[in-house]
There are 2 protein chains.
Amino acid sequence: MTSQKSDTAMSPKITVELLRQLRQGMRNCKYFSEPIQAYIVPSGDAHQSEYIAPCDCRREFICGFNGSAGTAIVTEQYAAMWTDGRYFLQASQQMDNNWTLMKMGLKETPSQEDWLISILPENSRVGVDPWIIAADQWKNMSRALTSAGHSLVAVQDNLIDVVWMDRPERPSTQLRNLGLEYTGLSWQDKITALRAKMTKRKVSWFVATALDEIAWLFNLRGADIEYNPVFFAYAIVGMNTIRLFVDLKRLADPALRDHLQLDSPCKPDMSIRTYPYESVYAELQAVCAAHSPKDKVWICDKASCALTQVIPKAHRTPIPYTPLCLAKAVKNATEIQGMKKAHIKDATALCELFAWLEKEIPKGIVTEISAADKAEELRSQQKDFVGLSFPTISSVGPNGAIIHYRPLPETNRTLSLNEVYLIDSGAQYVDGTTDVTRTMHFGTPSAYEKECFTYVLKGHIAVSAAVFPNGTKGHLLDSFARAALWESGLDYLHGTGHGVGCFLNVHEGPCGISYKTFADEPLEAGMIVSDEPGYYEDGSFGIRIENVVLVVPAMPKYNYRNRGSLTFEPLTLVPIQVKMMNTELLTQKERDWVNEYHKMCREVVGAEMERQGRKEGLEWLIRETQPIV
Amino acid sequence: MTSQKSDTAMSPKITVELLRQLRQGMRNCKYFSEPIQAYIVPSGDAHQSEYIAPCDCRREFICGFNGSAGTAIVTEQYAAMWTDGRYFLQASQQMDNNWTLMKMGLKETPSQEDWLISILPENSRVGVDPWIIAADQWKNMSRALTSAGHSLVAVQDNLIDVVWMDRPERPSTQLRNLGLEYTGLSWQDKITALRAKMTKRKVSWFVATALDEIAWLFNLRGADIEYNPVFFAYAIVGMNTIRLFVDLKRLADPALRDHLQLDSPCKPDMSIRTYPYESVYAELQAVCAAHSPKDKVWICDKASCALTQVIPKAHRTPIPYTPLCLAKAVKNATEIQGMKKAHIKDATALCELFAWLEKEIPKGIVTEISAADKAEELRSQQKDFVGLSFPTISSVGPNGAIIHYRPLPETNRTLSLNEVYLIDSGAQYVDGTTDVTRTMHFGTPSAYEKECFTYVLKGHIAVSAAVFPNGTKGHLLDSFARAALWESGLDYLHGTGHGVGCFLNVHEGPCGISYKTFADEPLEAGMIVSDEPGYYEDGSFGIRIENVVLVVPAMPKYNYRNRGSLTFEPLTLVPIQVKMMNTELLTQKERDWVNEYHKMCREVVGAEMERQGRKEGLEWLIRETQPIV
């Protein structure tokens, strides 16, 4: 899945009264010493999560727009909302005319800073909730405002929450502990490895704020955020102490208490002290106050401004990504085994789905939504299924060209023999996370559709089969995915791949494959990323071919300076529709790759389908994996 | 040519007495209010030039090491010099044991900041000449020292110059004015374009400090720095004024005065006021003092700290590269025509050289040095030849594996029928600058040499023939040059291409093709870069195939979102030795490219050779451009 999100209602939210109340709050000295002239409402939660819980959808609440990316700013006179090209249409439909849509990426659109500076009266105070703005964003915004004579003010009470009467509760779902058979490494071993890195870098404290990092560290999973098996928590790890901040009610289960050794820790330095979720601020303050000013504290520069600023500047060592983020990205043998199993189960469900679609589409009753539902139903029949890993993108014809499309009743299209069908879907299993896109035609694709599909396939293969030196960053592989499209004047406007968690977030850092080069750590064996080039013809069709692939050592003929080489092994094992290929455009090497890949699908997934007695899917699989010549 | 430089003597310089005198200077309150505990000696000149004049070789003077990159730091007790992997051997040979070689890039090597902090007594003062440290470097160093309780101090008198008795004069060579037939654009038009950009960005002043930018702006050339046709100068351009700072003696020539309209300017805002080179500091101070604090001043963040700090912080708008840098990079039709002509002349000389080498090598008397001299002699016979554009890299066998090799009497090897020969050379002509590398074998290359050569060639072709969208940055093409090598486990440890000036510096920004992504502006039609992948087998041979290529519009089948596409057109037209190719490893497309390229060499350069009556070269050219099958 590419990094996008969309949803639901397309009629504008009426915000007159809400804005009146918010502006009242901005003038109300109960919340600050002096009124503020502008209030910024970012998208995120206090953990800078990509997906957020309903209680954190404050920007959506105030303006109506519910895409994944956007920032609202309200002043006495204006209300404006910045989002990017993926969402211009959706945002314009979801916001009423109290709001100005700021189209990011267009030359005429001012940045938030420039806009604020251009409209604010002199010496204005701009407020923001310091918990939901990242420290690096705060820094940039504050610097820009200060240089123009204004100031950025941390408003402790969230002014949206004040006017949000029916705001949902923060979720506190049941926690699940994962044994060594899934994690391969106990949380104690993970703590020990973390402390070794801290010692090496002379760091005394590490503050964990990203929810997937905390879930990974303690081998726990929750369901607080849809699609992401995480739970709201913080952790502070010192050389001899471990503090976990979480709704304490969640820790009543004896199995959990035993897992965390809460009642009888083996070693004092592995004793977890638990605190209420909300007390992280005070406790971090106490930690910093109690220790030498020479003690360095590691915190991610994307952590909240509130928590970052608790740490005195001299102690603070902001890092673009944490040691947990990197450790989590490199999967161990057990995790890799789990990911492989999850992908075989997932492929079984998808082969079954495609066989079913082939049979049902001619009847004219399968829609984008019912196809997505069927996919979920088939996946849910697989062992250790937990839920989807993101909302299924099930799109027919022109809907396929909307990269972040999600079928809604009002857009729902019927699958037919005449249009290209793109399905980008994935699931969470206890042993792993999947994410796969296949583009199919159930009738006869046009020569142009086949041509474009073949370029995308060439790009997919170029990445998947690439051999590259150890230490190569993913962005250096991005152009391989585009070369065939570029040669014909085509391209796609998203990255080529993202990191994938193991029964964790389907998008994770710090590696990926993109023309964007920030926060891009070198690929190493054990990392898992997606390989998903595409092509989108507005108003007609969309094509994307996505596998999740594992970074593995390669053994080319030579070994320059003993650096070693890497390549990818596909974990996704679902046939790529040969009917969509113009095989004449493929080189012999590419044809060999397709045949080799299909042979693997047939052998590995075929065995599982046989075991599960899924005859129709198996027949489909065998037919779709015939070698091409 | 890749970005490297090396030179001459390999026996250590004796520095005992010099260090004693320098340390005396560090304690001498004549130069500052309090003694300093450390003194930093960077490599650069006051213009942050890549190549520097003899009077600016201060780091070389104090430590003996004369590579292009290195920083010396002297404290009361220690003397240390940081350089990178290209120069470890050379530096260790050129420095005596008063110096510690700091090998950059190795994990155990501390940064300059960390080293200083680890050895300095508390509250130390570290001095540096603010003219030869770039503003961005000053900032980083100052921040690090301050956070550890020390301070970075600008020492106005250069302490090396104080002890350097026979320091050469600053060069003041004759200036040459270039007419429209070479530049395509008058300096007045360039000023107008610059001012338009200033107006657009609301900038009132622009300070030009890079020597090639000043030469380009005023359509003047000098010879103050070897290989680079530049002259020592500064310029300050306002909306109505132009200030040029240069040794005034150089402006006596009536033709020059006329070119610059010094005596009778047409329009007042195009009137150049001239000032002595040294008065730039005082004059910039006066400009800033006389104007509104709202006036913004553009200066490159790589300009000297001294000049940058003259501008009050509120006025200062540092930019990673200047509008002149970008304007200069995009060549106009006249410049492109000139570059083409220069490359045809250059190819003529090289074909003649290779024909000569073929004849002379069997006699056993051609050496790396004599071959380089012959190349220079043949080039100097071409019209409008000015000089070389960098020191010729002429290298046989194992010397070819030293990327920055330059033949010296003690390393000089004889060309033979048994070893690979690599020559990387170029020249300055009044109409353009060249830079070309060819790798040849005059006997029978081994299968392995051919295999490696063919991978390099595949990389060269992959870049040269790449089609990519408008707006693509060069770093996205770097992997194309490496893919064939990577597939066999090979690689090369330098970038793939650099910008090339037009009768200006052979290395220029802001575009290039490299895995390094900093300061990399999108490629656009009219830019000129090199395409020079390589492979180096330590102790055996070196391979590099380098053409200078022009970015041109491409016309692929489709035109996604009307973005337009680009590709490259080779300006260098020198045959690539077929004998070195394993043509079986080439695809049909690659073979077609080679044949097409050789056809162009034969037609275009052949005609010129015929015109010049260079029969032997022409015969060689015709033989070497036979199509492969």
# chains A, B, ... in the order shown; residues from 1 in each chain; ligands from 1

call {"tool": "select_by_dssp", "arguments": {"residues": "stretch 258-420 of chain B", "states": "strand (DSSP E)", "output": "ChimeraX atom specification"}}
result
/B:272-275,297-300,316-319,385-388,393-396,420

call {"tool": "closest_atom_pairs", "arguments": {"of": "chain A", "to": "chain B", "cutoff": "7 Å", "atoms": "only C-alpha atoms", "output": "JSON lines"}}
result
{"residue": "A:Val467", "atom": "CA", "partner": "B:Glu487", "partner_atom": "CA", "distance": 5.0}
{"residue": "A:Phe468", "atom": "CA", "partner": "B:Trp486", "partner_atom": "CA", "distance": 5.2}
{"residue": "A:Pro469", "atom": "CA", "partner": "B:Trp486", "partner_atom": "CA", "distance": 6.7}
{"residue": "A:Leu476", "atom": "CA", "partner": "B:Ser479", "partner_atom": "CA", "distance": 6.0}
{"residue": "A:Leu477", "atom": "CA", "partner": "B:Ser479", "partner_atom": "CA", "distance": 6.9}
{"residue": "A:Ser479", "atom": "CA", "partner": "B:Leu476", "partner_atom": "CA", "distance": 6.0}
{"residue": "A:Trp486", "atom": "CA", "partner": "B:Phe468", "partner_atom": "CA", "distance": 5.2}
{"residue": "A:Glu487", "atom": "CA", "partner": "B:Val467", "partner_atom": "CA", "distance": 5.1}
{"residue": "A:Ser488", "atom": "CA", "partner": "B:Pro556", "partner_atom": "CA", "distance": 5.0}
{"residue": "A:Gly489", "atom": "CA", "partner": "B:Tyr558", "partner_atom": "CA", "distance": 4.8}
{"residue": "A:Leu490", "atom": "CA", "partner": "B:Tyr560", "partner_atom": "CA", "distance": 5.1}
{"residue": "A:Asp491", "atom": "CA", "partner": "B:Tyr560", "partner_atom": "CA", "distance": 6.8}
{"residue": "A:Pro556", "atom": "CA", "partner": "B:Ser488", "partner_atom": "CA", "distance": 5.0}
{"residue": "A:Lys557", "atom": "CA", "partner": "B:Ser488", "partner_atom": "CA", "distance": 5.3}
{"residue": "A:Tyr558", "atom": "CA", "partner": "B:Gly489", "partner_atom": "CA", "distance": 4.8}
{"residue": "A:Asn559", "atom": "CA", "partner": "B:Gly489", "partner_atom": "CA", "distance": 5.0}
{"residue": "A:Tyr560", "atom": "CA", "partner": "B:Leu490", "partner_atom": "CA", "distance": 5.1}
{"residue": "A:Ser565", "atom": "CA", "partner": "B:Gly489", "partner_atom": "CA", "distance": 6.4}

call {"tool": "write_last_selection", "arguments": {"atoms": "C-alpha atoms", "output": "CSV table (one decimal), in the first residue's frame"}}
result
chain,number,residue,atom,x,y,z
A,467,VAL,CA,21.9,-6.7,-6.6
A,468,PHE,CA,23.5,-3.9,-4.7
A,469,PRO,CA,26.4,-3.5,-2.2
A,476,LEU,CA,19.4,4.6,-4.7
A,477,LEU,CA,17.1,1.9,-6.0
A,479,SER,CA,15.0,4.9,-10.3
A,486,TRP,CA,10.5,7.0,-18.0
A,487,GLU,CA,11.8,5.6,-21.3
A,488,SER,CA,8.2,5.9,-22.6
A,489,GLY,CA,7.6,9.3,-20.9
A,490,LEU,CA,5.5,7.8,-18.0
A,491,ASP,CA,6.0,7.9,-14.3
A,556,PRO,CA,27.5,-12.4,-7.2
A,557,LYS,CA,30.6,-13.5,-9.0
A,558,TYR,CA,32.9,-11.0,-7.3
A,559,ASN,CA,33.1,-9.3,-3.9
A,560,TYR,CA,34.6,-5.8,-4.3
A,565,SER,CA,26.1,-7.7,-1.7

call {"tool": "closest_residue", "arguments": {"among": "A:Gln626, A:Thr83, A:Thr317, A:Ser394", "to": "A:Tyr421", "atoms": "only C-alpha atoms"}}
result
A:Ser394

call {"tool": "residues_around", "arguments": {"residues": "stretch 206-215 of chain B", "least_positions_apart": "4", "cutoff": "6 Å", "atoms": "only C-alpha atoms", "output": "JSON, numbers by chain"}}
result
{"B": [47, 219, 220, 221, 230, 234, 235, 236, 237, 297, 298, 299]}

call {"tool": "write_last_selection", "arguments": {"atoms": "N, CA and C atoms", "output": "PDB file, in the first residue's frame"}}
result
ATOM      1  N   HIS B  47      37.780  32.521  -1.393  1.00  0.00           N
ATOM      2  CA  HIS B  47      36.632  32.332  -2.285  1.00  0.00           C
ATOM      3  C   HIS B  47      36.160  30.882  -2.281  1.00  0.00           C
ATOM      4  N   ASN B 219      31.677  38.328 -18.059  1.00  0.00           N
ATOM      5  CA  ASN B 219      32.253  37.849 -19.320  1.00  0.00           C
ATOM      6  C   ASN B 219      33.749  38.165 -19.407  1.00  0.00           C
ATOM      7  N   LEU B 220      34.412  37.896 -18.300  1.00  0.00           N
ATOM      8  CA  LEU B 220      35.858  38.091 -18.227  1.00  0.00           C
ATOM      9  C   LEU B 220      36.511  36.775 -17.831  1.00  0.00           C
ATOM     10  N   ARG B 221      37.771  36.609 -18.237  1.00  0.00           N
ATOM     11  CA  ARG B 221      38.533  35.465 -17.781  1.00  0.00           C
ATOM     12  C   ARG B 221      39.918  35.926 -17.383  1.00  0.00           C
ATOM     13  N   VAL B 230      40.087  31.983 -14.002  1.00  0.00           N
ATOM     14  CA  VAL B 230      39.392  32.956 -13.150  1.00  0.00           C
ATOM     15  C   VAL B 230      40.372  34.016 -12.658  1.00  0.00           C
ATOM     16  N   TYR B 234      35.733  40.282  -6.150  1.00  0.00           N
ATOM     17  CA  TYR B 234      34.428  40.177  -5.510  1.00  0.00           C
ATOM     18  C   TYR B 234      33.485  41.095  -6.282  1.00  0.00           C
ATOM     19  N   ALA B 235      32.192  40.891  -6.114  1.00  0.00           N
ATOM     20  CA  ALA B 235      31.241  41.848  -6.686  1.00  0.00           C
ATOM     21  C   ALA B 235      30.068  42.011  -5.732  1.00  0.00           C
ATOM     22  N   ILE B 236      29.540  43.212  -5.679  1.00  0.00           N
ATOM     23  CA  ILE B 236      28.304  43.470  -4.929  1.00  0.00           C
ATOM     24  C   ILE B 236      27.326  44.108  -5.916  1.00  0.00           C
ATOM     25  N   VAL B 237      26.214  43.433  -6.148  1.00  0.00           N
ATOM     26  CA  VAL B 237      25.237  43.948  -7.101  1.00  0.00           C
ATOM     27  C   VAL B 237      23.995  44.406  -6.342  1.00  0.00           C
ATOM     28  N   VAL B 297      20.121  40.724   1.957  1.00  0.00           N
ATOM     29  CA  VAL B 297      21.368  40.533   1.213  1.00  0.00           C
ATOM     30  C   VAL B 297      21.571  39.034   0.977  1.00  0.00           C
ATOM     31  N   TRP B 298      21.717  38.680  -0.301  1.00  0.00           N
ATOM     32  CA  TRP B 298      21.992  37.288  -0.669  1.00  0.00           C
ATOM     33  C   TRP B 298      23.483  37.036  -0.624  1.00  0.00           C
ATOM     34  N   ILE B 299      23.860  35.972   0.068  1.00  0.00           N
ATOM     35  CA  ILE B 299      25.260  35.544   0.028  1.00  0.00           C
ATOM     36  C   ILE B 299      25.270  34.024   0.166  1.00  0.00           C
TER      37      ILE B 299
END

call {"tool": "closest_residue", "arguments": {"among": "B:Ile513, B:Ile191, B:Met580, B:Ile62", "to": "B:Ile545", "atoms": "only C-alpha atoms"}}
result
B:Met580

call {"tool": "residues_around", "arguments": {"residues": "A:Phe231", "least_positions_apart": "2", "cutoff": "8 Å", "atoms": "only C-alpha atoms", "output": "PyMOL selection string"}}
result
chain A and resi 172-173+175+211+215+221-225+229+233

call {"tool": "residues_around", "arguments": {"residues": "A:Pro276", "least_positions_apart": "6", "cutoff": "8 Å", "atoms": "only C-alpha atoms", "output": "PDB file with C-alpha atoms, in the first residue's frame"}}
result
ATOM      1  CA  PHE A 245       3.444   4.491  31.184  1.00  0.00           C
ATOM      2  CA  VAL A 246       0.128   2.907  30.300  1.00  0.00           C
ATOM      3  CA  ASP A 247      -3.461   2.801  31.528  1.00  0.00           C
ATOM      4  CA  LEU A 248      -2.788   0.611  34.589  1.00  0.00           C
TER       5      LEU A 248
END

call {"tool": "atom_distance", "arguments": {"atom1": "atom CA of B:Thr183", "atom2": "atom CA of B:Lys328"}}
result
10.5 Å

call {"tool": "atom_distance", "arguments": {"atom1": "atom CA of A:Gln24", "atom2": "atom CA of A:Arg59"}}
result
17.6 Å

call {"tool": "select_by_dssp", "arguments": {"residues": "stretch 106-206 of chain B", "states": "helix (DSSP H, G or I)", "output": "PyMOL selection string"}}
result
chain B and resi 112-119+135-147+159-163+180-183+187-200

call {"tool": "atom_distance", "arguments": {"atom1": "atom CA of A:Thr274", "atom2": "atom CA of A:Tyr51"}}
result
25.7 Å

call {"tool": "residues_around", "arguments": {"residues": "stretch 132-138 of chain A", "least_positions_apart": "2", "cutoff": "9 Å", "atoms": "only C-alpha atoms", "output": "list in words"}}
result
Val41, Pro42, Ser43, Gly44, Asp45, Ala46, His47, Gln48, Val128, Asp129, Pro130, Asn140, Met141, Ser142, Arg143, Leu152, Cys300, Asp301, Lys302, Ala303, Ser304, Cys305, Ala306, Leu307, Thr308 and Gln309 of chain A

call {"tool": "write_last_selection", "arguments": {"atoms": "N, CA, C and O atoms", "output": "compact mmCIF listing (two decimals), in the first residue's frame"}}
result
# COMPACT_ATOMS: atom_id res chain seq x y z
N VAL A 41 -3.97 23.52 14.41
CA VAL A 41 -4.48 22.18 14.71
C VAL A 41 -3.81 21.17 13.76
O VAL A 41 -4.25 20.99 12.62
N PRO A 42 -2.72 20.53 14.22
CA PRO A 42 -2.07 19.52 13.37
C PRO A 42 -2.91 18.23 13.32
O PRO A 42 -3.89 18.10 14.05
N SER A 43 -2.50 17.28 12.46
CA SER A 43 -3.26 16.03 12.31
C SER A 43 -2.97 15.01 13.38
O SER A 43 -3.78 14.12 13.62
N GLY A 44 -1.77 15.05 13.94
CA GLY A 44 -1.26 13.89 14.65
C GLY A 44 -1.81 13.67 16.04
O GLY A 44 -2.61 14.47 16.55
N ASP A 45 -1.34 12.58 16.67
CA ASP A 45 -1.60 12.38 18.09
C ASP A 45 -0.30 12.67 18.84
O ASP A 45 0.68 13.14 18.24
N ALA A 46 -0.30 12.39 20.14
CA ALA A 46 0.86 12.73 20.96
C ALA A 46 2.05 11.83 20.65
O ALA A 46 3.14 12.05 21.16
N HIS A 47 1.83 10.81 19.80
CA HIS A 47 2.92 9.89 19.46
C HIS A 47 3.33 10.03 18.00
O HIS A 47 4.07 9.22 17.49
N GLN A 48 2.78 11.04 17.33
CA GLN A 48 3.06 11.27 15.91
C GLN A 48 2.78 10.01 15.09
O GLN A 48 3.53 9.63 14.20
N VAL A 128 -0.52 26.48 19.97
CA VAL A 128 -0.59 25.10 19.49
C VAL A 128 -0.49 24.19 20.70
O VAL A 128 0.12 24.56 21.72
N ASP A 129 -1.12 23.02 20.61
CA ASP A 129 -1.01 22.03 21.67
C ASP A 129 0.36 21.38 21.55
O ASP A 129 0.66 20.72 20.55
N PRO A 130 1.24 21.55 22.54
CA PRO A 130 2.62 21.07 22.41
C PRO A 130 2.72 19.54 22.36
O PRO A 130 3.76 19.01 22.01
N ASN A 140 10.89 24.82 13.76
CA ASN A 140 10.82 25.57 12.51
C ASN A 140 9.77 26.67 12.57
O ASN A 140 10.00 27.81 12.17
N MET A 141 8.58 26.31 13.07
CA MET A 141 7.49 27.28 13.15
C MET A 141 7.86 28.42 14.09
O MET A 141 7.66 29.59 13.79
N SER A 142 8.41 28.05 15.23
CA SER A 142 8.75 29.06 16.24
C SER A 142 9.80 30.03 15.69
O SER A 142 9.71 31.24 15.87
N ARG A 143 10.80 29.49 15.03
CA ARG A 143 11.86 30.33 14.48
C ARG A 143 11.30 31.32 13.46
O ARG A 143 11.61 32.51 13.50
N LEU A 152 5.35 31.74 19.13
CA LEU A 152 4.59 30.49 19.15
C LEU A 152 4.41 30.11 20.62
O LEU A 152 5.37 30.10 21.39
N CYS A 300 13.50 10.97 20.08
CA CYS A 300 13.38 11.16 18.64
C CYS A 300 13.01 12.62 18.35
O CYS A 300 12.22 13.22 19.08
N ASP A 301 13.59 13.20 17.28
CA ASP A 301 13.26 14.61 17.00
C ASP A 301 11.83 14.76 16.48
O ASP A 301 11.37 15.88 16.28
N LYS A 302 11.15 13.64 16.27
CA LYS A 302 9.75 13.70 15.88
C LYS A 302 8.83 13.48 17.09
O LYS A 302 7.60 13.44 16.94
N ALA A 303 9.39 13.32 18.27
CA ALA A 303 8.57 13.21 19.48
C ALA A 303 7.87 14.54 19.72
O ALA A 303 8.25 15.57 19.16
N SER A 304 6.86 14.52 20.60
CA SER A 304 6.11 15.75 20.84
C SER A 304 7.00 16.82 21.43
O SER A 304 7.94 16.55 22.18
N CYS A 305 6.68 18.05 21.09
CA CYS A 305 7.37 19.20 21.64
C CYS A 305 7.26 19.21 23.15
O CYS A 305 8.22 19.49 23.86
N ALA A 306 6.07 18.86 23.67
CA ALA A 306 5.85 18.90 25.12
C ALA A 306 6.88 18.04 25.85
O ALA A 306 7.56 18.50 26.77
N LEU A 307 6.99 16.80 25.41
CA LEU A 307 7.86 15.86 26.10
C LEU A 307 9.33 16.20 25.87
O LEU A 307 10.16 16.07 26.76
N THR A 308 9.64 16.65 24.66
CA THR A 308 11.02 17.00 24.33
C THR A 308 11.51 18.14 25.22
O THR A 308 12.61 18.12 25.75
N GLN A 309 10.63 19.12 25.40
CA GLN A 309 11.07 20.31 26.14
C GLN A 309 11.15 20.08 27.65
O GLN A 309 11.69 20.92 28.36

call {"tool": "residues_around", "arguments": {"residues": "A:His498", "least_positions_apart": "2", "cutoff": "10 Å", "atoms": "only C-alpha atoms", "output": "JSON, numbers by chain"}}
result
{"A": [1, 2, 3, 474, 495, 496, 500, 501, 506, 507, 508, 509, 510, 511, 512, 513, 514, 528, 529, 530, 531, 532, 548]}

call {"tool": "closest_residue", "arguments": {"among": "B:Val310, B:Thr71, B:Phe453, B:Phe218", "to": "B:Ala282", "atoms": "only C-alpha atoms"}}
result
B:Val310

call {"tool": "decode", "arguments": {"residues": "stretch 159-173 of chain A", "atoms": "C-alpha atoms", "output": "mmCIF file, in the first residue's frame"}}
result
data_model
loop_
_atom_site.group_PDB
_atom_site.id
_atom_site.type_symbol
_atom_site.label_atom_id
_atom_site.label_comp_id
_atom_site.auth_asym_id
_atom_site.auth_seq_id
_atom_site.Cartn_x
_atom_site.Cartn_y
_atom_site.Cartn_z
ATOM 1 C CA LEU A 159 -8.786 24.117 22.561
ATOM 2 C CA ILE A 160 -10.481 21.650 20.215
ATOM 3 C CA ASP A 161 -11.164 19.246 23.060
ATOM 4 C CA VAL A 162 -12.784 22.150 24.937
ATOM 5 C CA VAL A 163 -15.424 22.581 22.215
ATOM 6 C CA TRP A 164 -15.665 18.876 21.245
ATOM 7 C CA MET A 165 -18.630 17.778 23.302
ATOM 8 C CA ASP A 166 -18.934 14.169 22.182
ATOM 9 C CA ARG A 167 -15.231 13.461 21.887
ATOM 10 C CA PRO A 168 -14.649 9.698 22.127
ATOM 11 C CA GLU A 169 -12.655 8.199 24.985
ATOM 12 C CA ARG A 170 -9.034 7.272 24.426
ATOM 13 C CA PRO A 171 -9.122 3.533 23.580
ATOM 14 C CA SER A 172 -7.777 1.077 26.093
ATOM 15 C CA THR A 173 -8.109 -2.286 24.396
#
